[in-house]
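Q: Before I ask anything, let me first share the structure, which is written out below as structure tokens.
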Amino acid sequence: MEGFAPKASSYASQWDWFFFVLVTVSSIVVATVFVAIVHFSIRYRRGVNARREPVSETFSNRLEFSWTAGTALAFLAIFWWAAAFQLRDFVPPEGALQIHVIGKQWMWKIQQPNGVREIDEIHAPIGRPVQLIMTSEDVIHSMFLPALRLKQDVLPGRYTYLWFNADKPGVYHLFCAEFCGTSHSRMTGRFVLMTPTEYSRWSAAQPEADNLARQGQALFSSLGCSGCHSKSSSVPAPDLHGVFGNPVQLSDGRSIIADEAYIHDSIVLPEKDIVAGFAPIMPSFAGQVSEEQIIKLVAYIRSLSTERHP
Amino acid sequence: MSETVSAAEPGKAPEESEQCESYLEAGGHTLMSWLTTTDHKRIGILYAIAITFFFFIAGIAIGLVRLELMSPRGLFLSDDEYNRLFSLHGIVMVWFFLVPSIPATFGNFFLPLMIGAKDVAFPRLNLLSWYVYLLAAGFACYAIVAGGVDTGWTFYTPFSSLYSNGNVLAAAAGVFVAGFSSIATGVNFITTTHMLRAPGMTWFRLPLFVWAIYATSVVIVLATPILAMSLLLIIAERLFGLPVFNPNDGGDPILFQHLFWFYSHPAVYIMILPAMGVISEVFTCFARRHIFGYAMMIYAILGIAVIGFFVWGHHMFVSGESQFANLMFSLLSFLVAVPSAIKVFNWTATLYRGSISFEAPMVYAMGFVGLFTMGGLTGLFLASIPIDVHVTDTYFVVAHFHYIMVGGSVSAFFAALHFWWPKITGKLYSEAWARFAAVIMFLGFNSTFLPQYIMGYTGMPRRYHVYPPEFQAYHVLSSMGALVLLTAYMLPLVYLTWSLFHGKKAPANPWRATGLEWQTPSPPPEYNFEEIPRVDTLPYEYHPENQGGPFRPQGKVIGGK
């Protein structure tokens, strides 16, 4: 955690550049207004001889028009630049390493893709895209990684996402930025960026290393999901192979992409989105499964789409 | 069109004190005469006393917070106490000081005087709104005394509705009730401006302070009900378990943020528009110059009031709002900054070819322009989505809105207080002390909040009780600045109080200003004008081309000066 406002990605460097261009422009504006006020204050102070006749109507109208138009155009230019900067890196690239994050009063629970669990620490490799998939168990939190110049609120009952491609190993701050109660200021941790080799060595050495999807598969049968959601079942429930990431036709005519949020809601609020052609018979698992277990189940269901069943 | 007043004349004290009793004398000196008054001037003073009390309550709270933050591990507060103190600071400052500050005191006192009316349209409603404010303050005080509330001034759900163990109900009820007081005042001002303008006081002859108060009132009336609704929903969820925001029952916690900011962003303009009005009055008077771009200033006020309703989403760029919504709110936020920038340029241009003097109100007003410009420009940073993503919920945002709310609104409040003090009290304060306080306030303010910009950029989150030690230097600087600022705020309390008892008697028009309020005696009589004045000219007809020469008041006031 050395240095003044450390940066750990090329995005953060570009961000700083943008920021300091704005600082420079603003300083010029402040200086101009300041110089004008001081200049007028001296030149036109009371009791001093100066030209004081009225300015002509046309002159003042032109002046008014030009600074209105000038300001509006300058602001639009900044907007354009900022918006382009924002949109350029908005969609994460394919194949990002996915790390799950759960916020709860007042800790961060992390699930690495290989099943390793961490508390108040995120280990991540540099040099490849990493995506954080985040949700909260209670109130709104906010994942703030200042070294990456990134922040995203973490919401209960919903998934939010953050992705980055870091380039500088080191230990950086991890903060909760949304006020979340008594120990809000202690809901902090370490954000550890490592080279890919160090990262794989680190994750292989963790005791619970197992595959997140495999843990999900175990839950899938122990919770009884497989009783209905399997080809051999007599109960009519949708087959989950190839579902994840694809559109699902719902009984009310809508179509929805089966993402983390959809799977999550299908488990705890099954009546919300009924798949077309099925009866709403699934019981809610709200209160019976934790957010961590849901993450594992989602990982398992995602794996059913990626491992290409015949 | 003819009567111009020479410079020497208005310096004399009003000579007809027998025939017109001032509003301070009429009706008596008893407490009852104040508590049952329907005189808009006395009600303005009742408000002034109440908000000054709350200003210092909220100030003490943040003083303790700043003291605590001198050390990265804290000094003497628990986490909960710390959270309750900054929440108290925010809630009280916003709803019990800033929102009513300029409108309910100076607006109440001067709106009728400036448009040539004998009172507001609904004098009894006006008094009622003060009592409603007191009732609201009672709830808020109960919440404080019973242990405080820990939600921050923003009351975000589901924390406030389900998880907080503070007195959310009492605090929310206080803010809810305070809204009715705001609305009553707003309705009163709108009606007064529409119905009670003196003959000849056309819309485009209204002083800019009146325009600002009018626009503010419209915003208050349109926005405050949304706040009331969202607070009621919190109360309903907390008290009866109505699942509005609770995601476990299918509610949406983000809905609250939309509702809250739909009020609270316009509320920023409720707090800053009156300040802009004050600055326009002061600049033109002490520059002896017609305000530059009078019509444009009105359009800017209206533009801010209207566009201000469509920018609330810029508080929610990291809340999970869609990127499309983010972009639209970003664009609109840049647009709403245009009229604010125009106002700064117009104030500056008003000085051009003026005949400028630097009495205390002008020093405060110039401080306003500097601080407001810095606050406004950092608003552009926050309107840029990627910049906002990093600095939102850090001290950068804290610094930004304090530059607007304290550097802007509070400086303007002091400018107004010093500008109109001789009119309100009939007494002159010590000019030297007042200028000194204005300069100290400006310096103290900057040393408090400039370090907060820097630590916000480096990633210091707001609302943190304990923090990494690398931020300590900035916190210590900021706390020292706060001490200077506190001293600067105490000074006016002393020299203004002193002036009440020992100050020289104020002439009717010590600044040789053109507004109708200055043509009445100081302090004004009970019903302001013996006869409704006729207005036959634009506001701000100062004539600096003949140095120190005549100026033209907006109308002649019988029995006044």
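Residues are named by chain letter and number: chains run A, B, ... in the order of the structure tokens, numbers start at 1 in each chain, and ligands are numbered from 1 in the order shown.
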Could you write out as a PyMOL selection string the residues of chain A within 6 Å of chain B, counting only C-alpha atoms?

A: chain A and resi 5+40+44-46+52-53+72+75+82+86+139+146+149-153+157+177+182+185

Q: Looking only at strand (DSSP E) from DSSP on the backbone, list the matching residues of segment 114-221 of chain A as a VMD selection string.

A: chain A and resid 117 to 119 121 to 125 130 to 136 141 to 145 150 to 154 160 to 164 170 to 176 189 to 194

Q: Which residue gives the smallest distance to Ser251 of chain A among A:Val275, A:Pro125, A:Lys231, A:Ser303, with only C-alpha atoms counted?

A: A:Val275

Q: Using DSSP on the backbone coordinates, identify all residues within segment 40-140 of chain A classified as helix (DSSP H, G or I); present the result as a PyMOL selection string.

A: chain A and resi 40-43+57-88

Q: Residues near Ala228 of chain B, anyone? I mean within 7 Å using only C-alpha atoms, not counting same-chain ones fewer than 4 positions away, as JSON, numbers by chain.

A: {"B": [176, 179, 224, 232]}

Q: Dump N, CA and C atoms for the selected residues as a compact mmCIF listing (two decimals), in the first residue's frame?

A:
# COMPACT_ATOMS: atom_id res chain seq x y z
N PHE B 176 -40.48 14.30 7.65
CA PHE B 176 -41.79 14.25 6.99
C PHE B 176 -42.60 15.50 7.37
N GLY B 179 -41.43 18.79 5.98
CA GLY B 179 -41.85 18.99 4.59
C GLY B 179 -43.11 19.82 4.49
N THR B 224 -41.22 18.30 -2.65
CA THR B 224 -41.32 17.84 -1.26
C THR B 224 -42.31 16.68 -1.06
N LEU B 232 -42.69 7.99 4.21
CA LEU B 232 -43.85 7.21 4.68
C LEU B 232 -43.65 5.73 4.37

Q: Give me, as a compact mmCIF listing (two decimals) with C-alpha atoms, in the first residue's frame, all polymer residues having an atom no more than 8 Å from Ala295 of chain B, counting only C-alpha atoms and skipping those fewer than 3 positions away in the same chain.

A:
# COMPACT_ATOMS: atom_id res chain seq x y z
CA PHE B 204 -39.58 41.63 -15.60
CA ILE B 298 -34.05 35.02 -14.81
CA TYR B 299 -33.89 32.38 -17.55

Q: Let me make sure I understand: among A:Gln217, A:Val25, A:Ala84, A:Ile37, which one has the smallest atom-to-atom distance to Ala365 of chain B if we use only C-alpha atoms?

A: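 Result for the nearest residue to Ala365 of chain B: A:Ile37.
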